[in-house]
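Colleague: This is final.csv (CSV, N, CA and C atoms).
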chain,number,residue,atom,x,y,z
O,1,MET,N,28.8,27.8,-35.5
O,1,MET,CA,27.4,27.5,-35.4
O,1,MET,C,27.2,26.0,-35.5
O,2,ASP,N,28.2,25.2,-35.4
O,2,ASP,CA,28.0,23.8,-35.4
O,2,ASP,C,27.2,23.2,-34.3
O,3,ASN,N,27.1,23.9,-33.2
O,3,ASN,CA,26.4,23.4,-32.0
O,3,ASN,C,25.0,24.0,-32.0
O,4,PHE,N,24.6,24.6,-33.0
O,4,PHE,CA,23.2,25.2,-33.0
O,4,PHE,C,22.2,24.2,-33.1
O,5,ALA,N,21.2,24.3,-32.2
O,5,ALA,CA,20.0,23.4,-32.2
O,5,ALA,C,18.8,24.3,-32.2
O,6,PRO,N,17.9,24.0,-33.1
O,6,PRO,CA,16.7,24.9,-33.1
O,6,PRO,C,15.9,24.7,-31.8
O,7,ALA,N,15.2,25.8,-31.4
O,7,ALA,CA,14.4,25.8,-30.2
O,7,ALA,C,13.2,24.8,-30.4
O,8,PRO,N,12.8,24.1,-29.4
O,8,PRO,CA,11.7,23.2,-29.6
O,8,PRO,C,10.4,23.9,-29.8
O,9,CYS,N,9.6,23.5,-30.8
O,9,CYS,CA,8.3,24.0,-31.1
O,9,CYS,C,7.3,23.0,-30.6
O,10,ILE,N,6.1,23.5,-30.3
O,10,ILE,CA,5.0,22.7,-29.8
O,10,ILE,C,4.2,22.4,-31.1
O,11,PRO,N,4.0,21.2,-31.4
O,11,PRO,CA,3.1,20.9,-32.6
O,11,PRO,C,1.6,21.3,-32.2
O,12,ASP,N,0.9,21.8,-33.1
O,12,ASP,CA,-0.5,22.3,-32.8
O,12,ASP,C,-1.4,21.1,-32.8
O,13,GLU,N,-1.6,20.6,-31.6
O,13,GLU,CA,-2.5,19.4,-31.4
O,13,GLU,C,-3.5,19.8,-30.3
O,14,GLY,N,-3.9,21.0,-30.2
O,14,GLY,CA,-4.9,21.5,-29.2
O,14,GLY,C,-4.3,21.2,-27.8
O,15,ILE,N,-5.3,20.9,-26.9
O,15,ILE,CA,-4.8,20.7,-25.5
O,15,ILE,C,-4.1,19.4,-25.3
O,16,ALA,N,-4.0,18.6,-26.3
O,16,ALA,CA,-3.3,17.3,-26.2
O,16,ALA,C,-1.8,17.5,-26.6
O,17,ALA,N,-1.4,18.7,-27.0
O,17,ALA,CA,0.0,19.0,-27.4
O,17,ALA,C,1.0,18.6,-26.4
O,18,ARG,N,2.0,17.9,-26.9
O,18,ARG,CA,3.1,17.5,-26.0
O,18,ARG,C,4.3,18.3,-26.2
O,19,ILE,N,5.2,18.4,-25.2
O,19,ILE,CA,6.4,19.1,-25.3
O,19,ILE,C,7.4,18.2,-26.0
O,20,PRO,N,8.0,18.6,-27.1
O,20,PRO,CA,9.0,17.7,-27.7
O,20,PRO,C,10.1,17.3,-26.8
O,21,ASP,N,10.6,16.1,-27.0
O,21,ASP,CA,11.7,15.6,-26.2
O,21,ASP,C,11.5,15.6,-24.7
O,22,SER,N,10.2,15.4,-24.3
O,22,SER,CA,9.9,15.3,-22.9
O,22,SER,C,8.7,14.4,-22.7
O,23,PRO,N,8.4,13.9,-21.5
O,23,PRO,CA,7.2,13.1,-21.3
O,23,PRO,C,6.0,13.9,-20.9
O,24,PHE,N,6.1,15.3,-21.0
O,24,PHE,CA,5.1,16.1,-20.5
O,24,PHE,C,4.2,16.7,-21.6
O,25,SER,N,3.0,17.0,-21.3
O,25,SER,CA,2.1,17.8,-22.2
O,25,SER,C,2.1,19.2,-21.8
O,26,VAL,N,1.7,20.1,-22.6
O,26,VAL,CA,1.5,21.5,-22.3
O,26,VAL,C,0.6,21.7,-21.1
O,27,LEU,N,-0.4,20.9,-21.1
O,27,LEU,CA,-1.4,21.0,-20.0
O,27,LEU,C,-0.7,20.6,-18.6
O,28,THR,N,0.2,19.6,-18.6
O,28,THR,CA,0.9,19.2,-17.4
O,28,THR,C,1.7,20.4,-16.9
O,29,LEU,N,2.4,21.1,-17.8
O,29,LEU,CA,3.2,22.2,-17.3
O,29,LEU,C,2.4,23.3,-16.8
O,30,VAL,N,1.3,23.6,-17.4
O,30,VAL,CA,0.4,24.7,-17.0
O,30,VAL,C,-0.2,24.3,-15.6
O,31,GLU,N,-0.6,23.0,-15.4
O,31,GLU,CA,-1.1,22.6,-14.1
O,31,GLU,C,0.0,22.8,-13.0
O,32,ALA,N,1.2,22.4,-13.4
O,32,ALA,CA,2.3,22.5,-12.4
O,32,ALA,C,2.5,24.0,-12.1
O,33,ARG,N,2.5,24.8,-13.1
O,33,ARG,CA,2.7,26.3,-12.8
O,33,ARG,C,1.6,26.8,-11.9
O,34,ASN,N,0.3,26.4,-12.2
O,34,ASN,CA,-0.8,26.9,-11.5
O,34,ASN,C,-0.7,26.4,-10.0
O,35,ARG,N,-0.3,25.2,-9.8
O,35,ARG,CA,-0.2,24.7,-8.4
O,35,ARG,C,0.9,25.4,-7.7
O,36,LEU,N,2.0,25.6,-8.3
O,36,LEU,CA,3.1,26.4,-7.6
O,36,LEU,C,2.6,27.8,-7.3
O,37,SER,N,1.9,28.4,-8.2
O,37,SER,CA,1.4,29.8,-8.0
O,37,SER,C,0.4,29.8,-6.8
O,38,ALA,N,-0.4,28.8,-6.7
O,38,ALA,CA,-1.4,28.8,-5.7
O,38,ALA,C,-0.9,28.4,-4.3
O,39,ASN,N,0.3,27.9,-4.2
O,39,ASN,CA,0.9,27.5,-2.9
O,39,ASN,C,1.8,28.6,-2.4
O,40,PRO,N,1.4,29.2,-1.3
O,40,PRO,CA,2.3,30.3,-0.8
O,40,PRO,C,3.6,29.9,-0.3
O,41,ASP,N,3.8,28.6,0.1
O,41,ASP,CA,5.0,28.1,0.6
O,41,ASP,C,6.0,27.6,-0.6
O,42,ALA,N,5.5,27.5,-1.8
O,42,ALA,CA,6.3,27.0,-2.9
O,42,ALA,C,7.0,28.2,-3.5
O,43,PRO,N,8.1,27.9,-4.2
O,43,PRO,CA,8.8,29.0,-4.9
O,43,PRO,C,8.0,29.6,-6.0
O,44,ASP,N,8.3,30.8,-6.4
O,44,ASP,CA,7.6,31.4,-7.5
O,44,ASP,C,7.7,30.6,-8.7
O,45,ALA,N,6.6,30.5,-9.5
O,45,ALA,CA,6.6,29.7,-10.7
O,45,ALA,C,7.2,30.4,-11.9
O,46,THR,N,8.5,30.7,-11.8
O,46,THR,CA,9.2,31.4,-12.8
O,46,THR,C,9.6,30.3,-13.9
O,47,PRO,N,9.9,30.7,-15.1
O,47,PRO,CA,10.4,29.7,-16.1
O,47,PRO,C,11.6,29.0,-15.6
O,48,GLU,N,12.5,29.6,-14.8
O,48,GLU,CA,13.7,29.0,-14.3
O,48,GLU,C,13.3,27.9,-13.3
O,49,VAL,N,12.4,28.2,-12.4
O,49,VAL,CA,12.0,27.2,-11.4
O,49,VAL,C,11.3,26.0,-12.1
O,50,LEU,N,10.4,26.3,-13.1
O,50,LEU,CA,9.8,25.2,-13.8
O,50,LEU,C,10.8,24.4,-14.6
O,51,SER,N,11.8,25.0,-15.2
O,51,SER,CA,12.8,24.3,-15.9
O,51,SER,C,13.6,23.3,-15.0
O,52,ARG,N,14.0,23.8,-13.8
O,52,ARG,CA,14.7,22.9,-12.9
O,52,ARG,C,13.7,21.8,-12.4
O,53,SER,N,12.5,22.2,-12.0
O,53,SER,CA,11.6,21.2,-11.4
O,53,SER,C,11.2,20.1,-12.4
O,54,LEU,N,11.0,20.4,-13.6
O,54,LEU,CA,10.5,19.4,-14.6
O,54,LEU,C,11.7,18.9,-15.5
O,55,ASN,N,12.9,19.4,-15.2
O,55,ASN,CA,14.0,18.9,-16.0
O,55,ASN,C,13.8,19.2,-17.5
O,56,LEU,N,13.4,20.4,-17.8
O,56,LEU,CA,13.2,20.9,-19.2
O,56,LEU,C,14.1,22.1,-19.4
O,57,SER,N,14.4,22.3,-20.7
O,57,SER,CA,15.2,23.5,-21.0
O,57,SER,C,14.4,24.7,-20.9
O,58,LEU,N,15.0,25.9,-20.8
O,58,LEU,CA,14.3,27.1,-20.8
O,58,LEU,C,13.6,27.3,-22.2
O,59,ALA,N,14.2,26.9,-23.2
O,59,ALA,CA,13.6,27.0,-24.6
O,59,ALA,C,12.2,26.2,-24.6
O,60,GLN,N,12.2,25.0,-24.0
O,60,GLN,CA,11.0,24.2,-23.9
O,60,GLN,C,10.0,24.9,-23.1
O,61,ILE,N,10.4,25.4,-22.0
O,61,ILE,CA,9.4,26.1,-21.1
O,61,ILE,C,8.8,27.3,-21.8
O,62,TYR,N,9.6,28.1,-22.5
O,62,TYR,CA,9.1,29.3,-23.1
O,62,TYR,C,8.2,28.9,-24.3
O,63,ALA,N,8.6,27.9,-25.1
O,63,ALA,CA,7.8,27.4,-26.2
O,63,ALA,C,6.4,27.0,-25.7
O,64,ASP,N,6.5,26.2,-24.6
O,64,ASP,CA,5.2,25.7,-23.9
O,64,ASP,C,4.3,26.9,-23.5
O,65,LEU,N,4.9,27.8,-22.8
O,65,LEU,CA,4.1,29.0,-22.3
O,65,LEU,C,3.6,29.8,-23.4
O,66,ALA,N,4.3,29.9,-24.5
O,66,ALA,CA,3.8,30.7,-25.7
O,66,ALA,C,2.7,29.9,-26.3
O,67,TYR,N,2.8,28.6,-26.4
O,67,TYR,CA,1.7,27.8,-27.0
O,67,TYR,C,0.4,27.9,-26.1
O,68,TYR,N,0.6,27.9,-24.8
O,68,TYR,CA,-0.5,28.0,-23.8
O,68,TYR,C,-1.2,29.4,-24.0
O,69,HIS,N,-0.4,30.4,-24.0
O,69,HIS,CA,-1.0,31.8,-24.1
O,69,HIS,C,-1.7,32.0,-25.5
O,70,ALA,N,-1.2,31.3,-26.5
O,70,ALA,CA,-1.9,31.4,-27.8
O,70,ALA,C,-3.2,30.7,-27.8
O,71,ASN,N,-3.4,29.7,-26.9
O,71,ASN,CA,-4.6,28.9,-26.9
O,71,ASN,C,-5.2,28.9,-25.5
O,72,GLN,N,-5.0,30.0,-24.8
O,72,GLN,CA,-5.4,30.0,-23.3
O,72,GLN,C,-6.8,29.7,-23.1
O,73,THR,N,-7.7,30.1,-23.9
O,73,THR,CA,-9.2,29.8,-23.7
O,73,THR,C,-9.4,28.3,-23.6
O,74,ALA,N,-8.9,27.6,-24.6
O,74,ALA,CA,-9.1,26.1,-24.6
O,74,ALA,C,-8.5,25.5,-23.4
O,75,PHE,N,-7.3,25.9,-23.0
O,75,PHE,CA,-6.6,25.3,-21.9
O,75,PHE,C,-7.3,25.6,-20.6
O,76,ASP,N,-7.7,26.8,-20.4
O,76,ASP,CA,-8.4,27.2,-19.2
O,76,ASP,C,-9.8,26.5,-19.0
O,77,ALA,N,-10.4,26.3,-20.2
O,77,ALA,CA,-11.7,25.6,-20.1
O,77,ALA,C,-11.5,24.1,-19.7
O,78,GLU,N,-10.4,23.5,-20.2
O,78,GLU,CA,-10.1,22.1,-19.9
O,78,GLU,C,-9.7,22.0,-18.4
O,79,LEU,N,-8.9,23.0,-17.9
O,79,LEU,CA,-8.5,22.9,-16.5
O,79,LEU,C,-9.7,23.1,-15.6
O,80,THR,N,-10.6,24.0,-16.0
O,80,THR,CA,-11.9,24.2,-15.2
O,80,THR,C,-12.7,22.9,-15.2
O,81,HIS,N,-12.8,22.3,-16.4
O,81,HIS,CA,-13.6,21.1,-16.5
O,81,HIS,C,-13.0,20.0,-15.6
O,82,ARG,N,-11.7,19.8,-15.6
O,82,ARG,CA,-11.0,18.8,-14.7
O,82,ARG,C,-11.2,19.1,-13.3
O,83,GLN,N,-11.1,20.4,-12.9
O,83,GLN,CA,-11.3,20.7,-11.5
O,83,GLN,C,-12.7,20.4,-11.0
O,84,GLN,N,-13.7,20.8,-11.9
O,84,GLN,CA,-15.1,20.5,-11.5
O,84,GLN,C,-15.4,19.0,-11.4
O,85,ALA,N,-14.8,18.2,-12.3
O,85,ALA,CA,-14.9,16.8,-12.3
O,85,ALA,C,-14.3,16.2,-11.0
O,86,ALA,N,-13.2,16.7,-10.6
O,86,ALA,CA,-12.6,16.2,-9.4
O,86,ALA,C,-13.4,16.5,-8.2
O,87,GLN,N,-13.9,17.7,-8.1
O,87,GLN,CA,-14.8,18.2,-7.0
O,87,GLN,C,-16.1,17.3,-7.0
O,88,GLN,N,-16.6,17.0,-8.1
O,88,GLN,CA,-17.8,16.2,-8.2
O,88,GLN,C,-17.6,14.8,-7.7
O,89,ALA,N,-16.4,14.2,-8.1
O,89,ALA,CA,-16.1,12.9,-7.7
O,89,ALA,C,-15.9,12.8,-6.2
O,90,LEU,N,-15.3,13.8,-5.6
O,90,LEU,CA,-15.1,13.9,-4.2
O,90,LEU,C,-16.4,14.0,-3.5
O,91,ALA,N,-17.3,14.9,-4.0
O,91,ALA,CA,-18.6,15.0,-3.4
O,91,ALA,C,-19.4,13.7,-3.5
O,92,GLU,N,-19.3,13.0,-4.6
O,92,GLU,CA,-20.0,11.7,-4.7
O,92,GLU,C,-19.5,10.7,-3.7
O,93,LEU,N,-18.2,10.7,-3.6
O,93,LEU,CA,-17.5,9.8,-2.6
O,93,LEU,C,-18.0,10.1,-1.2
O,94,PHE,N,-18.0,11.3,-0.9
O,94,PHE,CA,-18.4,11.7,0.5
O,94,PHE,C,-19.9,11.4,0.7
O,95,THR,N,-20.7,11.5,-0.3
O,95,THR,CA,-22.2,11.2,-0.2
O,95,THR,C,-22.3,9.7,0.0
O,96,ARG,N,-21.5,8.9,-0.8
O,96,ARG,CA,-21.6,7.4,-0.7
O,96,ARG,C,-21.2,7.0,0.7
O,97,GLN,N,-20.3,7.7,1.3
O,97,GLN,CA,-19.8,7.3,2.7
O,97,GLN,C,-20.7,7.9,3.7
O,98,GLU,N,-21.8,8.5,3.3
O,98,GLU,CA,-22.8,9.1,4.2
O,98,GLU,C,-22.2,10.1,5.2
O,99,GLY,N,-21.3,10.9,4.6
O,99,GLY,CA,-20.6,12.0,5.4
O,99,GLY,C,-19.6,11.5,6.4
O,100,GLN,N,-19.3,10.2,6.4
O,100,GLN,CA,-18.3,9.7,7.4
O,100,GLN,C,-17.0,9.6,6.8
O,101,ASN,N,-16.0,9.9,7.5
O,101,ASN,CA,-14.6,9.7,7.1
O,101,ASN,C,-14.1,8.3,7.6
O,102,ARG,N,-14.3,7.3,6.7
O,102,ARG,CA,-13.9,6.0,7.1
O,102,ARG,C,-12.4,5.8,7.4
O,103,TRP,N,-11.6,6.6,6.7
O,103,TRP,CA,-10.2,6.5,6.9
O,103,TRP,C,-9.8,6.9,8.3
O,104,ALA,N,-10.5,7.9,8.9
O,104,ALA,CA,-10.3,8.4,10.2
O,104,ALA,C,-10.6,7.4,11.3
O,105,GLU,N,-11.4,6.4,10.9
O,105,GLU,CA,-11.7,5.4,11.9
O,105,GLU,C,-10.5,4.4,12.0
O,106,VAL,N,-9.7,4.3,11.0
O,106,VAL,CA,-8.6,3.4,11.0
O,106,VAL,C,-7.3,4.1,11.6
O,107,VAL,N,-7.1,5.4,11.2
O,107,VAL,CA,-5.9,6.1,11.6
O,107,VAL,C,-6.1,6.4,13.1
O,108,GLY,N,-5.0,6.2,13.9
O,108,GLY,CA,-5.0,6.5,15.3
O,108,GLY,C,-5.5,5.4,16.1
O,109,LYS,N,-6.0,4.3,15.6
O,109,LYS,CA,-6.5,3.2,16.4
O,109,LYS,C,-5.7,1.9,16.0
O,110,TRP,N,-4.5,2.0,15.5
O,110,TRP,CA,-3.8,0.9,15.0
O,110,TRP,C,-2.8,0.3,16.1
O,111,PRO,N,-2.7,-0.9,16.3
O,111,PRO,CA,-3.6,-2.0,16.1
O,111,PRO,C,-4.5,-2.2,17.3
O,112,SER,N,-5.6,-2.6,17.0
O,112,SER,CA,-6.6,-2.9,18.1
O,112,SER,C,-7.8,-3.6,17.5
O,113,GLU,N,-8.6,-4.1,18.4
O,113,GLU,CA,-9.8,-4.8,17.9
O,113,GLU,C,-10.7,-3.8,17.2
O,114,GLU,N,-10.7,-2.5,17.7
O,114,GLU,CA,-11.6,-1.5,17.0
O,114,GLU,C,-11.1,-1.3,15.6
O,115,THR,N,-9.8,-1.4,15.4
O,115,THR,CA,-9.3,-1.2,14.0
O,115,THR,C,-9.7,-2.4,13.1
O,116,ASP,N,-9.7,-3.6,13.7
O,116,ASP,CA,-10.1,-4.7,12.9
O,116,ASP,C,-11.6,-4.6,12.5
O,117,ALA,N,-12.4,-4.1,13.4
O,117,ALA,CA,-13.8,-3.9,13.2
O,117,ALA,C,-14.0,-2.8,12.1
O,118,ALA,N,-13.2,-1.7,12.2
O,118,ALA,CA,-13.3,-0.7,11.2
O,118,ALA,C,-12.9,-1.2,9.8
O,119,LEU,N,-11.8,-2.0,9.7
O,119,LEU,CA,-11.4,-2.5,8.5
O,119,LEU,C,-12.4,-3.5,7.9
O,120,GLU,N,-13.1,-4.2,8.8
O,120,GLU,CA,-14.1,-5.1,8.3
O,120,GLU,C,-15.3,-4.4,7.7
O,121,ARG,N,-15.6,-3.2,8.3
O,121,ARG,CA,-16.7,-2.4,7.7
O,121,ARG,C,-16.3,-1.8,6.4
O,122,LEU,N,-15.0,-1.5,6.2
O,122,LEU,CA,-14.5,-0.9,5.0
O,122,LEU,C,-14.5,-1.9,3.8
O,123,SER,N,-14.3,-3.1,4.1
O,123,SER,CA,-14.2,-4.1,3.1
O,123,SER,C,-15.5,-4.7,2.7
The structure in this file should be written as structure tokens.

Modeller:
Amino acid sequence: MDNFAPAPCIPDEGIAARIPDSPFSVLTLVEARNRLSANPDAPDATPEVLSRSLNLSLAQIYADLAYYHANQTAFDAELTHRQQAAQQALAELFTRQEGQNRWAEVVGKWPSEETDAALERLS
């Protein structure tokens, strides 16, 4: 039992909790899992896939998921808040641009005088 290392535990710091010995927070892993689950072309968001994708041990993944499920209401509320804030920011940007996609004016017209005029309007 000389090689025994205890499984990583997540310190109780609410939604700001970080996964020990990694650069990730619990919220980051949950977001990655949700995005994989929402994408039909991505592999299933199993603990093994998450472990390989994020270079975390299975013990870290399971500890993270256990912490998430123990505090699921708080995490889901934060994820919903972030999603709504992102949608609002995009809506405000679209409104500021008066419904025009300025980037589309540049793409497909490179290089030409029309592109220069579009870049001038953007700046």

Colleague: Between O:Ala89, O:Ala45, O:Ala38, O:Val26, which residue has the minimum interatomic distance to O:Gly14, considering only C-alpha atoms?

Modeller: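 Looking only at the distances to O:Gly14, the closest residue turns out to be O:Val26.
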
Colleague: If you count all atoms listed in the file, which residues fall within 8 Å of O:Thr28, apart from same-chain ones fewer than 6 positions away, as a list in words?

Modeller: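 Once the adjacent positions are removed, what remains is Ile15, Ala17 and Asn34 of chain O.
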
Colleague: With distances taken over all atoms listed in the file, which of O:Leu56, O:Leu50, O:Leu65, O:Ala74 is nearest to O:Asp21?

Modeller: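 Nearest candidate to O:Asp21 out of O:Leu56, O:Leu50, O:Leu65, O:Ala74: O:Leu56.
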
Colleague: If I take atom CA of O:Leu90 and atom CA of O:Leu29, how far is one from the other in Å, to one decimal?

Modeller: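 Pair atom CA of O:Leu90 / atom CA of O:Leu29 returns 24.0 Å.
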
Colleague: Quick check, in Å to one decimal: how far apart do atom C of O:Leu58 and atom N of O:Ile19 lie?

Modeller: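 Going from atom C of O:Leu58 over to atom N of O:Ile19, I get 12.6 Å.
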